[in-house]
Amino acid sequence: MIVGDDRRDDRRSLESHAFTLLSHQAPHLRPPELRTLARTWARVRLRPEEMQAWIAALGVDGAVITRDCRTVGIALSAMGVVLNGKRVRERLRGGESAFSAMARAAACGRSLKD
């Protein structure tokens, strides 16, 4: 089997895991919506237990935020850090960019890395 097929199989497996996880977290969503979210989560390429933890922290629609956090180096453990009276997860869910949250943390003398 060629490497491209391995990656596709890997993503399908992640997508299947994400679909199952999301269907338990958001039973109100219909299968087409769940499939779309599952595809988005699969693209983030997390291990299943990491995916579950990020979903718990940022919600079922938090895949893009998770990807951005990982890109700038914000750790999952930083979601509860309070910056200027608001938790990091609340800032991110409210629309603040991961880059902005990282800059805010630096200005406050806090680290959002592991």
# chains A, B, ... in the order shown; residues from 1 in each chain; ligands from 1
>>> select_by_dssp(residues="range 1-111 of chain A", states="alpha helix (DSSP H)", output="PyMOL selection string")
chain A and resi 3-25+31-44+48-58+63-72+88-93+98-107
>>> write_last_selection(atoms="C-alpha atoms", output="mmCIF file, in the first residue's frame")
data_model
loop_
_atom_site.group_PDB
_atom_site.id
_atom_site.type_symbol
_atom_site.label_atom_id
_atom_site.label_comp_id
_atom_site.auth_asym_id
_atom_site.auth_seq_id
_atom_site.Cartn_x
_atom_site.Cartn_y
_atom_site.Cartn_z
ATOM 1 C CA VAL A 3 1.772 6.200 1.806
ATOM 2 C CA GLY A 4 -1.120 8.294 0.457
ATOM 3 C CA ASP A 5 -3.523 5.420 1.057
ATOM 4 C CA ASP A 6 -2.215 5.010 4.599
ATOM 5 C CA ARG A 7 -2.956 8.657 5.334
ATOM 6 C CA ARG A 8 -6.433 8.355 3.860
ATOM 7 C CA ASP A 9 -7.150 5.237 5.933
ATOM 8 C CA ASP A 10 -5.797 7.026 8.989
ATOM 9 C CA ARG A 11 -8.074 9.989 8.359
ATOM 10 C CA ARG A 12 -11.081 7.726 7.798
ATOM 11 C CA SER A 13 -10.366 6.031 11.111
ATOM 12 C CA LEU A 14 -10.062 9.409 12.857
ATOM 13 C CA GLU A 15 -13.230 10.578 11.140
ATOM 14 C CA SER A 16 -15.097 7.492 12.308
ATOM 15 C CA HIS A 17 -13.861 7.991 15.856
ATOM 16 C CA ALA A 18 -14.799 11.680 15.729
ATOM 17 C CA PHE A 19 -18.277 10.865 14.388
ATOM 18 C CA THR A 20 -18.906 8.438 17.263
ATOM 19 C CA LEU A 21 -17.550 10.859 19.853
ATOM 20 C CA LEU A 22 -19.501 13.808 18.468
ATOM 21 C CA SER A 23 -22.732 11.831 18.259
ATOM 22 C CA HIS A 24 -22.464 11.206 22.015
ATOM 23 C CA GLN A 25 -21.501 14.809 22.794
ATOM 24 C CA PRO A 31 -25.843 12.721 10.795
ATOM 25 C CA PRO A 32 -24.937 15.103 7.923
ATOM 26 C CA GLU A 33 -23.901 17.786 10.433
ATOM 27 C CA LEU A 34 -22.003 15.216 12.487
ATOM 28 C CA ARG A 35 -20.163 13.974 9.382
ATOM 29 C CA THR A 36 -19.089 17.504 8.494
ATOM 30 C CA LEU A 37 -17.818 18.138 12.024
ATOM 31 C CA ALA A 38 -16.118 14.731 12.110
ATOM 32 C CA ARG A 39 -14.268 15.498 8.859
ATOM 33 C CA THR A 40 -13.084 18.797 10.303
ATOM 34 C CA TRP A 41 -11.862 17.130 13.496
ATOM 35 C CA ALA A 42 -10.126 14.375 11.504
ATOM 36 C CA ARG A 43 -8.140 17.039 9.614
ATOM 37 C CA VAL A 44 -6.686 18.268 12.925
ATOM 38 C CA PRO A 48 -8.438 9.815 19.828
ATOM 39 C CA GLU A 49 -7.894 10.671 23.508
ATOM 40 C CA GLU A 50 -6.563 14.132 22.592
ATOM 41 C CA MET A 51 -9.551 14.735 20.351
ATOM 42 C CA GLN A 52 -11.905 13.843 23.176
ATOM 43 C CA ALA A 53 -10.126 16.233 25.554
ATOM 44 C CA TRP A 54 -10.134 19.135 23.077
ATOM 45 C CA ILE A 55 -13.829 18.568 22.310
ATOM 46 C CA ALA A 56 -14.556 18.624 26.042
ATOM 47 C CA ALA A 57 -12.619 21.892 26.367
ATOM 48 C CA LEU A 58 -13.802 23.764 23.263
ATOM 49 C CA ALA A 63 -11.812 21.859 15.639
ATOM 50 C CA VAL A 64 -10.567 24.991 13.878
ATOM 51 C CA ILE A 65 -9.821 26.665 17.215
ATOM 52 C CA THR A 66 -7.972 23.524 18.307
ATOM 53 C CA ARG A 67 -5.926 23.525 15.103
ATOM 54 C CA ASP A 68 -5.026 27.184 15.633
ATOM 55 C CA CYS A 69 -4.077 26.575 19.273
ATOM 56 C CA ARG A 70 -1.777 23.757 18.272
ATOM 57 C CA THR A 71 -0.257 25.916 15.521
ATOM 58 C CA VAL A 72 0.676 28.746 17.899
ATOM 59 C CA VAL A 88 -8.616 31.154 27.695
ATOM 60 C CA ARG A 89 -11.307 28.727 26.498
ATOM 61 C CA GLU A 90 -13.975 31.446 26.886
ATOM 62 C CA ARG A 91 -11.851 33.918 24.944
ATOM 63 C CA LEU A 92 -11.279 31.444 22.123
ATOM 64 C CA ARG A 93 -14.929 30.334 21.999
ATOM 65 C CA ALA A 98 -5.278 31.872 19.287
ATOM 66 C CA PHE A 99 -2.505 34.277 18.275
ATOM 67 C CA SER A 100 -4.186 37.111 20.191
ATOM 68 C CA ALA A 101 -4.675 34.913 23.270
ATOM 69 C CA MET A 102 -0.993 33.956 23.135
ATOM 70 C CA ALA A 103 0.009 37.630 22.886
ATOM 71 C CA ARG A 104 -2.345 38.550 25.743
ATOM 72 C CA ALA A 105 -0.809 35.824 27.900
ATOM 73 C CA ALA A 106 2.699 37.080 27.158
ATOM 74 C CA ALA A 107 1.651 40.638 28.065
#
>>> closest_residue(among="A:Leu83, A:Gly73, A:Val60, A:Leu46", to="Pro27 in chain A", atoms="only C-alpha atoms")
A:Val60
>>> select_by_dssp(residues="chain A", states="strand (DSSP E)", output="ChimeraX atom specification")
/A:82-83,86-87
>>> closest_residue(among="A:Leu29, A:Val82, A:Gly94, A:Ser77", to="Cys108 in chain A", atoms="only C-alpha atoms")
A:Val82
>>> atom_distance(atom1="CA of Met79 in chain A", atom2="CA of Arg30 in chain A")
28.3 Å
